[in-house]
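Engineer: Encoded as structure tokens, here's the structure I'll be asking about.
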Amino acid sequence: MITDKPGLIEAVRDRFAHVDACPFEGPRVFFENAGGALRLKSVVETSALYASYPDNQGRPNVASQTLMRAIDQGKADMRLFLNAPSGVVFVGESGTEVLFRLVRNAATGAKPGGVMLRSTLEHPALGSSMTHWAKQTGRGLIEVAHDDATGVVDVAAYKAALTPDVRVASIIHTSPVTGKATDVKAIAAAIRAVAPEALIIVDGIQHACHGPVDVAGYDIDGYALSPYKMFSRHGYGVGWASDRLTATDHEQIIGNGPQSWELGTRDAGSYATFSDVVAYFDWLGGQFSPSDDRRERLEAAGAAIHAEEAKLEHWLIAGTGNLRGLAEMPGVHLIAGDGVAGREGVVSLTLDGWDTRALVEFLGARGIRTHIRKADNYSGNVLKPLGLPDCLRVSFCHYNTEGEVAKFLGAMEEAIARG
Ligand SMILES: Cc1ncc(COP(=O)(O)O)c(C=O)c1O
């Protein structure tokens, strides 16, 4: 665990900008990481540097060659982070755009006919693209229902819905509303067992900063990341497409080659900032693993992050010191139950007698940043079946601390006392 190593949590926090104070409102605890995580200071510096370069790629001058080397390094780092030695990595406009592109090309590139299969747990970036492209390609759409009580969709639910004619299937890695992670590997294996040629697209956006990604181990065809949710910045999304998906007749400028997925001039700074993120994971992993192998160090970082966040989840739910946890607080209802297993960086809840927006503001006035998720087109898939108009989402990362959890729990007690 990070906090078991003297001085490490301080060194971790020191690498992030605005870690304990908002530049606009002053000191605050940041529990809105699922809306966008803290930025690495290195990312901020790299972004400014690359924004300052006027050169374009593909020229013989040193600046141009330097940009191209940064792109190559960024791609190598993306592969390493994803554990994706095969296939193609590319950058798009956002996580949503990358998911739409992967699904669109899978749907139009797959053998005609058959059906597409998605789950009701999905964020609309994945779910809407699956629904849209099933309609556009004249295919039926199978919707696998998630379990309201556990806040997740399991392999048994997929198995019950599978048919051999599934052409494209989608899986959300972790829900940004319930915080629960699916078993991507087991679900993909179940899909392959029934529909071996299905193209499988995975939304890794909420998962990526919480644990290792192992694309090679999942046997899938597409994976998407949102760098602003993993310590980089807005302005780009990262995609990976398998060799199988790349071999379909996917969209590309004619003549750019069969391996090409990028559309338009690339922002070298986006690749360079992804390298900063991977360098951070590498540094963190190096505190836990003496390995010379970078991927092993990234996995060690993932394991350390997982252990640290499990502690944070435990403190939030079961309490810390003399403060009781959310599970014991009267009037608090936790979405997806009070278990820690399978949870990645999110605890969502309602509090009896409180309008959620008022609760967000109440906590905000006490220096705690949280967020309201409404039963709209983004979170309605989870909240409507529960009969909830909205919920409070508390979302955290490994750099959050027990002291910050205690501050939040204290403020919740105050809210309960006010009724
Ligand atoms: C699981 C998941 N998928 C997709 C998205 C959309 O990502 P982006 O904002 O990069 O388009 C989000 C954003 O909240 C998300 O949490």
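Ligands are numbered from 1 in the order shown, chains are lettered A, B, ... in the order of the structure tokens, and residues start at 1 in each chain.
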Please write out the residues within 10 Å of ligand 1 as a PDB file with N, CA and C atoms, in the first residue's frame, counting only C-alpha atoms and all ligand atoms.

Structural biologist:
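Printed below is selection28.pdb as written:
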```pdb
ATOM      1  N   ASN A  33     -13.277  12.743  -8.843  1.00  0.00           N
ATOM      2  CA  ASN A  33     -12.296  12.186  -9.786  1.00  0.00           C
ATOM      3  C   ASN A  33     -12.916  11.470 -10.976  1.00  0.00           C
ATOM      4  N   ALA A  34     -14.136  10.936 -10.813  1.00  0.00           N
ATOM      5  CA  ALA A  34     -14.771  10.257 -11.946  1.00  0.00           C
ATOM      6  C   ALA A  34     -15.235  11.278 -12.990  1.00  0.00           C
ATOM      7  N   GLY A  35     -15.320  12.536 -12.582  1.00  0.00           N
ATOM      8  CA  GLY A  35     -15.653  13.593 -13.543  1.00  0.00           C
ATOM      9  C   GLY A  35     -14.400  14.125 -14.231  1.00  0.00           C
ATOM     10  N   GLY A  36     -13.254  13.706 -13.770  1.00  0.00           N
ATOM     11  CA  GLY A  36     -11.968  14.185 -14.290  1.00  0.00           C
ATOM     12  C   GLY A  36     -10.987  14.197 -13.135  1.00  0.00           C
ATOM     13  N   GLY A  92      -8.016  10.060 -30.624  1.00  0.00           N
ATOM     14  CA  GLY A  92      -9.195  10.694 -31.221  1.00  0.00           C
ATOM     15  C   GLY A  92      -9.593  11.911 -30.412  1.00  0.00           C
ATOM     16  N   GLU A  93     -10.794  12.405 -30.698  1.00  0.00           N
ATOM     17  CA  GLU A  93     -11.234  13.669 -30.101  1.00  0.00           C
ATOM     18  C   GLU A  93     -11.539  13.552 -28.611  1.00  0.00           C
ATOM     19  N   SER A  94     -12.138  12.430 -28.197  1.00  0.00           N
ATOM     20  CA  SER A  94     -12.536  12.226 -26.798  1.00  0.00           C
ATOM     21  C   SER A  94     -12.779  10.730 -26.620  1.00  0.00           C
ATOM     22  N   GLY A  95     -13.025  10.308 -25.396  1.00  0.00           N
ATOM     23  CA  GLY A  95     -13.356   8.903 -25.176  1.00  0.00           C
ATOM     24  C   GLY A  95     -14.608   8.518 -25.934  1.00  0.00           C
ATOM     25  N   THR A  96     -15.601   9.399 -25.911  1.00  0.00           N
ATOM     26  CA  THR A  96     -16.866   9.134 -26.608  1.00  0.00           C
ATOM     27  C   THR A  96     -16.629   8.956 -28.099  1.00  0.00           C
ATOM     28  N   GLU A  97     -15.847   9.875 -28.676  1.00  0.00           N
ATOM     29  CA  GLU A  97     -15.596   9.795 -30.121  1.00  0.00           C
ATOM     30  C   GLU A  97     -14.857   8.503 -30.465  1.00  0.00           C
ATOM     31  N   VAL A  98     -13.892   8.134 -29.640  1.00  0.00           N
ATOM     32  CA  VAL A  98     -13.130   6.898 -29.902  1.00  0.00           C
ATOM     33  C   VAL A  98     -14.068   5.690 -29.836  1.00  0.00           C
ATOM     34  N   LEU A  99     -14.960   5.669 -28.845  1.00  0.00           N
ATOM     35  CA  LEU A  99     -15.886   4.536 -28.741  1.00  0.00           C
ATOM     36  C   LEU A  99     -16.817   4.485 -29.954  1.00  0.00           C
ATOM     37  N   PHE A 100     -17.345   5.654 -30.349  1.00  0.00           N
ATOM     38  CA  PHE A 100     -18.211   5.683 -31.537  1.00  0.00           C
ATOM     39  C   PHE A 100     -17.449   5.180 -32.759  1.00  0.00           C
ATOM     40  N   LEU A 121     -25.740  -1.483 -18.400  1.00  0.00           N
ATOM     41  CA  LEU A 121     -24.856  -0.769 -17.457  1.00  0.00           C
ATOM     42  C   LEU A 121     -24.055   0.319 -18.158  1.00  0.00           C
ATOM     43  N   GLU A 122     -24.029   0.258 -19.481  1.00  0.00           N
ATOM     44  CA  GLU A 122     -23.088   1.101 -20.222  1.00  0.00           C
ATOM     45  C   GLU A 122     -23.369   2.601 -20.149  1.00  0.00           C
ATOM     46  N   HIS A 123     -22.300   3.363 -20.083  1.00  0.00           N
ATOM     47  CA  HIS A 123     -22.350   4.819 -20.295  1.00  0.00           C
ATOM     48  C   HIS A 123     -22.817   5.010 -21.738  1.00  0.00           C
ATOM     49  N   PRO A 124     -23.558   6.109 -22.035  1.00  0.00           N
ATOM     50  CA  PRO A 124     -24.072   6.258 -23.392  1.00  0.00           C
ATOM     51  C   PRO A 124     -23.002   6.404 -24.469  1.00  0.00           C
ATOM     52  N   ALA A 125     -21.782   6.722 -24.078  1.00  0.00           N
ATOM     53  CA  ALA A 125     -20.713   6.786 -25.090  1.00  0.00           C
ATOM     54  C   ALA A 125     -20.604   5.447 -25.801  1.00  0.00           C
ATOM     55  N   LEU A 126     -20.793   4.374 -25.060  1.00  0.00           N
ATOM     56  CA  LEU A 126     -20.764   3.041 -25.658  1.00  0.00           C
ATOM     57  C   LEU A 126     -22.178   2.591 -26.033  1.00  0.00           C
ATOM     58  N   GLY A 127     -23.104   2.746 -25.090  1.00  0.00           N
ATOM     59  CA  GLY A 127     -24.471   2.256 -25.312  1.00  0.00           C
ATOM     60  C   GLY A 127     -25.154   2.926 -26.491  1.00  0.00           C
ATOM     61  N   ILE A 172     -18.807  -2.648 -20.718  1.00  0.00           N
ATOM     62  CA  ILE A 172     -18.235  -1.527 -19.960  1.00  0.00           C
ATOM     63  C   ILE A 172     -17.345  -2.125 -18.884  1.00  0.00           C
ATOM     64  N   HIS A 173     -16.130  -1.595 -18.755  1.00  0.00           N
ATOM     65  CA  HIS A 173     -15.196  -2.170 -17.778  1.00  0.00           C
ATOM     66  C   HIS A 173     -15.637  -1.807 -16.357  1.00  0.00           C
ATOM     67  N   THR A 174     -15.893  -0.500 -16.126  1.00  0.00           N
ATOM     68  CA  THR A 174     -16.364  -0.064 -14.797  1.00  0.00           C
ATOM     69  C   THR A 174     -17.425   1.015 -14.981  1.00  0.00           C
ATOM     70  N   SER A 175     -18.513   0.909 -14.212  1.00  0.00           N
ATOM     71  CA  SER A 175     -19.580   1.902 -14.306  1.00  0.00           C
ATOM     72  C   SER A 175     -19.179   3.177 -13.564  1.00  0.00           C
ATOM     73  N   PRO A 176     -19.365   4.345 -14.180  1.00  0.00           N
ATOM     74  CA  PRO A 176     -19.036   5.584 -13.483  1.00  0.00           C
ATOM     75  C   PRO A 176     -20.129   6.008 -12.498  1.00  0.00           C
ATOM     76  N   VAL A 177     -21.226   5.245 -12.423  1.00  0.00           N
ATOM     77  CA  VAL A 177     -22.308   5.594 -11.486  1.00  0.00           C
ATOM     78  C   VAL A 177     -22.297   4.660 -10.277  1.00  0.00           C
ATOM     79  N   GLY A 179     -19.759   2.442  -9.795  1.00  0.00           N
ATOM     80  CA  GLY A 179     -18.353   2.206  -9.446  1.00  0.00           C
ATOM     81  C   GLY A 179     -17.944   0.747  -9.534  1.00  0.00           C
ATOM     82  N   VAL A 202     -14.678  -2.533 -25.754  1.00  0.00           N
ATOM     83  CA  VAL A 202     -14.720  -2.318 -24.298  1.00  0.00           C
ATOM     84  C   VAL A 202     -14.469  -0.847 -23.952  1.00  0.00           C
ATOM     85  N   ASP A 203     -15.297  -0.329 -23.049  1.00  0.00           N
ATOM     86  CA  ASP A 203     -15.136   1.030 -22.538  1.00  0.00           C
ATOM     87  C   ASP A 203     -14.331   0.951 -21.238  1.00  0.00           C
ATOM     88  N   GLY A 204     -13.051   1.344 -21.309  1.00  0.00           N
ATOM     89  CA  GLY A 204     -12.184   1.268 -20.124  1.00  0.00           C
ATOM     90  C   GLY A 204     -12.034   2.605 -19.407  1.00  0.00           C
ATOM     91  N   ILE A 205     -12.921   3.554 -19.729  1.00  0.00           N
ATOM     92  CA  ILE A 205     -12.707   4.944 -19.298  1.00  0.00           C
ATOM     93  C   ILE A 205     -12.740   5.138 -17.779  1.00  0.00           C
ATOM     94  N   GLN A 206     -13.694   4.520 -17.095  1.00  0.00           N
ATOM     95  CA  GLN A 206     -13.725   4.686 -15.633  1.00  0.00           C
ATOM     96  C   GLN A 206     -12.698   3.767 -14.953  1.00  0.00           C
ATOM     97  N   HIS A 207     -12.347   2.689 -15.601  1.00  0.00           N
ATOM     98  CA  HIS A 207     -11.438   1.722 -14.963  1.00  0.00           C
ATOM     99  C   HIS A 207      -9.975   2.176 -14.962  1.00  0.00           C
ATOM    100  N   ALA A 208      -9.553   2.827 -16.044  1.00  0.00           N
ATOM    101  CA  ALA A 208      -8.119   2.919 -16.354  1.00  0.00           C
ATOM    102  C   ALA A 208      -7.219   3.444 -15.239  1.00  0.00           C
ATOM    103  N   ALA A 224     -11.128   1.713 -25.127  1.00  0.00           N
ATOM    104  CA  ALA A 224     -11.037   3.181 -25.145  1.00  0.00           C
ATOM    105  C   ALA A 224     -10.675   3.734 -23.772  1.00  0.00           C
ATOM    106  N   LEU A 225      -9.873   4.810 -23.794  1.00  0.00           N
ATOM    107  CA  LEU A 225      -9.451   5.513 -22.574  1.00  0.00           C
ATOM    108  C   LEU A 225      -9.764   7.003 -22.719  1.00  0.00           C
ATOM    109  N   SER A 226     -10.045   7.658 -21.593  1.00  0.00           N
ATOM    110  CA  SER A 226     -10.142   9.124 -21.576  1.00  0.00           C
ATOM    111  C   SER A 226      -9.009   9.658 -20.714  1.00  0.00           C
ATOM    112  N   PRO A 227      -7.978  10.220 -21.307  1.00  0.00           N
ATOM    113  CA  PRO A 227      -6.804  10.637 -20.526  1.00  0.00           C
ATOM    114  C   PRO A 227      -7.118  11.631 -19.401  1.00  0.00           C
ATOM    115  N   TYR A 228      -8.176  12.453 -19.553  1.00  0.00           N
ATOM    116  CA  TYR A 228      -8.451  13.420 -18.481  1.00  0.00           C
ATOM    117  C   TYR A 228      -8.997  12.728 -17.232  1.00  0.00           C
ATOM    118  N   LYS A 229      -9.342  11.459 -17.357  1.00  0.00           N
ATOM    119  CA  LYS A 229      -9.759  10.699 -16.174  1.00  0.00           C
ATOM    120  C   LYS A 229      -8.608   9.868 -15.634  1.00  0.00           C
ATOM    121  N   ARG A 233      -5.104  15.199 -19.502  1.00  0.00           N
ATOM    122  CA  ARG A 233      -5.919  16.406 -19.695  1.00  0.00           C
ATOM    123  C   ARG A 233      -7.012  16.149 -20.716  1.00  0.00           C
ATOM    124  N   HIS A 234      -7.918  17.155 -20.849  1.00  0.00           N
ATOM    125  CA  HIS A 234      -8.957  17.082 -21.871  1.00  0.00           C
ATOM    126  C   HIS A 234      -8.345  17.233 -23.265  1.00  0.00           C
ATOM    127  N   GLY A 235      -9.157  16.989 -24.288  1.00  0.00           N
ATOM    128  CA  GLY A 235      -8.731  17.300 -25.654  1.00  0.00           C
ATOM    129  C   GLY A 235      -8.397  16.086 -26.498  1.00  0.00           C
ATOM    130  N   TYR A 236      -8.332  14.908 -25.890  1.00  0.00           N
ATOM    131  CA  TYR A 236      -8.098  13.718 -26.700  1.00  0.00           C
ATOM    132  C   TYR A 236      -8.598  12.462 -25.988  1.00  0.00           C
ATOM    133  N   GLY A 237      -8.864  11.440 -26.785  1.00  0.00           N
ATOM    134  CA  GLY A 237      -9.181  10.115 -26.270  1.00  0.00           C
ATOM    135  C   GLY A 237      -8.169   9.152 -26.859  1.00  0.00           C
ATOM    136  N   VAL A 238      -7.998   8.001 -26.224  1.00  0.00           N
ATOM    137  CA  VAL A 238      -7.056   6.997 -26.734  1.00  0.00           C
ATOM    138  C   VAL A 238      -7.821   5.727 -27.078  1.00  0.00           C
ATOM    139  N   TYR A 378     -27.413  10.207 -19.157  1.00  0.00           N
ATOM    140  CA  TYR A 378     -26.092   9.690 -18.785  1.00  0.00           C
ATOM    141  C   TYR A 378     -26.158   8.672 -17.643  1.00  0.00           C
ATOM    142  N   SER A 379     -27.034   8.880 -16.684  1.00  0.00           N
ATOM    143  CA  SER A 379     -27.067   7.993 -15.512  1.00  0.00           C
ATOM    144  C   SER A 379     -28.429   7.367 -15.271  1.00  0.00           C
TER     145      SER A 379
END
```

Engineer: Any idea what's packed within 9 Å of A:His146, counting only C-alpha atoms, ignoring anything in its chain fewer than 6 positions away? Could you give it as number ranges by chain?

Structural biologist: A: 119-121, 152-154, 157, 382

Engineer: Report as a PyMOL selection string: the residues of stretch 132-295 of chain A with a DSSP assignment of strand (DSSP E or B), based on the backbone of this structure.

Structural biologist: chain A and resi 140-144+147+152+166-172+174+180-181+199-203+222-225+237-241

Engineer: At what distance in Å, to one decimal, does atom CA of A:Arg366 lie from atom CA of A:Ala411?

Structural biologist: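 Atom CA of A:Arg366 lies 7.1 Å from atom CA of A:Ala411.
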